[in-house]
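The structure appears right after this line, and notes come after that.
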Amino acid sequence: MSVGLLAVVDDILTAALKASAKTAGVVIDDAAVTPQYVQGLSPARELHVVWRIALGSLFNKFVIIIPLALLLSAFAPWVLPWLLILGGTYLCFEGAEKVTEWFGAHHAIDEAESRDERKLIFGAIRTDLILSTEIMLIALASLDPDFGIWMTLGALVVIGLGMTVLVYGAVALLVKIDDIGLSLMKNPARRVRRTGARIVASMPAAFRMIGIIGTVAMLWVGGHLVIVNLVETFWHGPYDVLHAVTNAIVAAGPIVVWVTDTAMSAVFGLILGLIIVGIVFKISGLLKRNRPDVVAEERPAPRV
């Protein structure tokens, strides 16, 4: 390999590493959200489902996001904020829907349907599309604008591959860690068996916590996406409130500022999501009542 090509590869890897650091928050959210989609499946199918979702994530990044991001940033950059607002709103809707389920709201989804692999995979890939879009757009914005189209493309490819391996490698480990515990329980050493038993016993609580973190992550990322991109379109109100609050507590340190920013974004996302949930289920209820089979069931039986 020539010295010039090595220098180009080194520049791409260095730029990709720097840009990846700025996407860390969204990557963590992606890893927290995904395990929810394999809960309830048989252990033998978990890795298969994770693999299918990972392939869908690669498709999202390399076939949809990267080409569109490069084209839109070059020819129609004004479209990107609107797309991110739509994606953020969808995340808020998904997060708020899960919150309502915590409080006993049931959305008339058949149990068999909710565990259907194809629908679970499609739902996970759809959510990944939004999170991956934010990851890749943050990375694109972090790259040197004078980098050139091919160097930019190379850096985005490296970031896309690296993030997919990182996220879905972590997800695969999370969903199979109980099997690791069961394997440890068969070890001749008593201490190892105890460790395995503790791992197995802790997994239900761990997955409940992952579900909560994933839902909060949806609301945080979705709310933040909407707030930030509304500024780029037509409404500064939410961002101005967020900016004023974080400026008022800046003396408390960056951690407090970050927690406050995250909490306010999540609350905004929850409120927006609950509004969308209410609208969606009101419409679905009206459509259901107008279905011929439902109308026939509600119609009183004729007198004899």
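By order in the structure tokens, chains are A, B, ...; within a chain, residues start at 1; ligands start at 1, following the order shown.
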
Based on the backbone DSSP call, show me all residues of region 63-126 of chain A assigned helix (DSSP H, G or I), as a VMD selection string. chain A and resid 63 to 75 79 to 102 111 to 114 117 to 126

Could the residues of region 199-264 of chain A that have an atom at most 6 Å from region 81-93 of chain A be listed as a Markdown table, each with its closest atom pair and the distance in Å to one decimal, counting only C-alpha atoms and ordered by chain and ascending residue number?
```
| residue | atom | partner | partner_atom | distance |
| --- | --- | --- | --- | --- |
| A:Met218 | CA | A:Leu91 | CA | 5.3 |
| A:Leu219 | CA | A:Cys92 | CA | 5.0 |
| A:Gly222 | CA | A:Gly88 | CA | 3.8 |
| A:Leu225 | CA | A:Gly88 | CA | 5.2 |
| A:Val226 | CA | A:Ile85 | CA | 4.8 |
| A:Asn229 | CA | A:Pro81 | CA | 5.1 |
```

Please produce a file of the residues just selected, as a PDB file, in the first residue's frame, where the atoms kept are C-alpha atoms.
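Result written to out-v5.pdb:
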```pdb
ATOM      1  CA  MET A 218     -36.731   7.414  23.019  1.00  0.00           C
ATOM      2  CA  LEU A 219     -38.366  10.392  24.747  1.00  0.00           C
ATOM      3  CA  GLY A 222     -37.041  12.339  20.182  1.00  0.00           C
ATOM      4  CA  LEU A 225     -34.478  16.178  17.933  1.00  0.00           C
ATOM      5  CA  VAL A 226     -37.763  18.081  17.720  1.00  0.00           C
ATOM      6  CA  ASN A 229     -34.767  21.209  14.617  1.00  0.00           C
TER       7      ASN A 229
END
```

Using only C-alpha atoms, which residues sit within 12 Å of region 248-261 of chain A once same-chain residues fewer than 3 positions away are excluded, as a list in words?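 Surrounding residues, per the criterion: Gly25, Trp220, Val221, Gly223, His224, Ile227, Val228, Pro238, Tyr239, Val241, Leu242, His243, Ala244, Val245, Met264, Ser265, Ala266, Val267 and Phe268 of chain A.
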
Distance of CA of Ile199 (chain A) from CA of Ile177 (chain A), expressed in Å to one decimal place: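 Computed distance, CA of Ile177 (chain A) to CA of Ile199 (chain A), equals 7.7 Å.
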
Selection near region 154-158 of chain A, 9 Å with only C-alpha atoms, sequence-local residues under 5 positions removed, as a PDB file with C-alpha atoms, in the first residue's frame:
```
ATOM      1  CA  VAL A   9      -6.831   5.995   5.304  1.00  0.00           C
ATOM      2  CA  ASP A  11      -7.078  10.821   7.818  1.00  0.00           C
ATOM      3  CA  ILE A  12     -10.398   9.018   7.325  1.00  0.00           C
ATOM      4  CA  LEU A  13      -9.993   6.924  10.484  1.00  0.00           C
ATOM      5  CA  THR A  14      -8.941   9.946  12.554  1.00  0.00           C
ATOM      6  CA  ALA A  15     -11.887  12.027  11.311  1.00  0.00           C
ATOM      7  CA  ALA A  16     -14.282   9.111  11.882  1.00  0.00           C
ATOM      8  CA  LEU A  17     -13.035   8.628  15.445  1.00  0.00           C
ATOM      9  CA  ALA A  19     -16.924  12.479  14.746  1.00  0.00           C
ATOM     10  CA  LYS A  61     -27.176   3.446   6.957  1.00  0.00           C
ATOM     11  CA  PHE A  62     -25.621   2.503   3.617  1.00  0.00           C
ATOM     12  CA  ILE A  66     -25.691   8.092   3.843  1.00  0.00           C
ATOM     13  CA  MET A 136     -24.959   9.812  10.855  1.00  0.00           C
ATOM     14  CA  ALA A 139     -21.196  12.654  12.388  1.00  0.00           C
ATOM     15  CA  LEU A 140     -21.615  14.429   9.031  1.00  0.00           C
ATOM     16  CA  LEU A 143     -16.604  16.372   9.703  1.00  0.00           C
ATOM     17  CA  ILE A 149     -16.960  14.057  -1.037  1.00  0.00           C
ATOM     18  CA  MET A 163     -21.436   1.931  15.287  1.00  0.00           C
TER      19      MET A 163
END
```

Taking only residues of region 54-91 of chain A that have an atom at most 7 Å from an atom of region 116-129 of chain A, what is each one's shortest atom pair and its distance in Å to one decimal, using only C-alpha atoms, in chain and number order, as a Markdown table?
```
| residue | atom | partner | partner_atom | distance |
| --- | --- | --- | --- | --- |
| A:Gly56 | CA | A:Ile125 | CA | 5.7 |
| A:Ser57 | CA | A:Ile125 | CA | 6.2 |
| A:Asn60 | CA | A:Leu129 | CA | 5.8 |
```

Could you tell me how far CA of Pro145 (chain A) lies from CA of Leu68 (chain A), in Å and to one decimal?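 CA of Leu68 (chain A) lies 16.9 Å from CA of Pro145 (chain A).
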
Figure out the distance between CA of Leu161 (chain A) and CA of Phe147 (chain A), please, to one decimal in Å.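 Straight-line distance from CA of Phe147 (chain A) to CA of Leu161 (chain A) works out to 19.7 Å.
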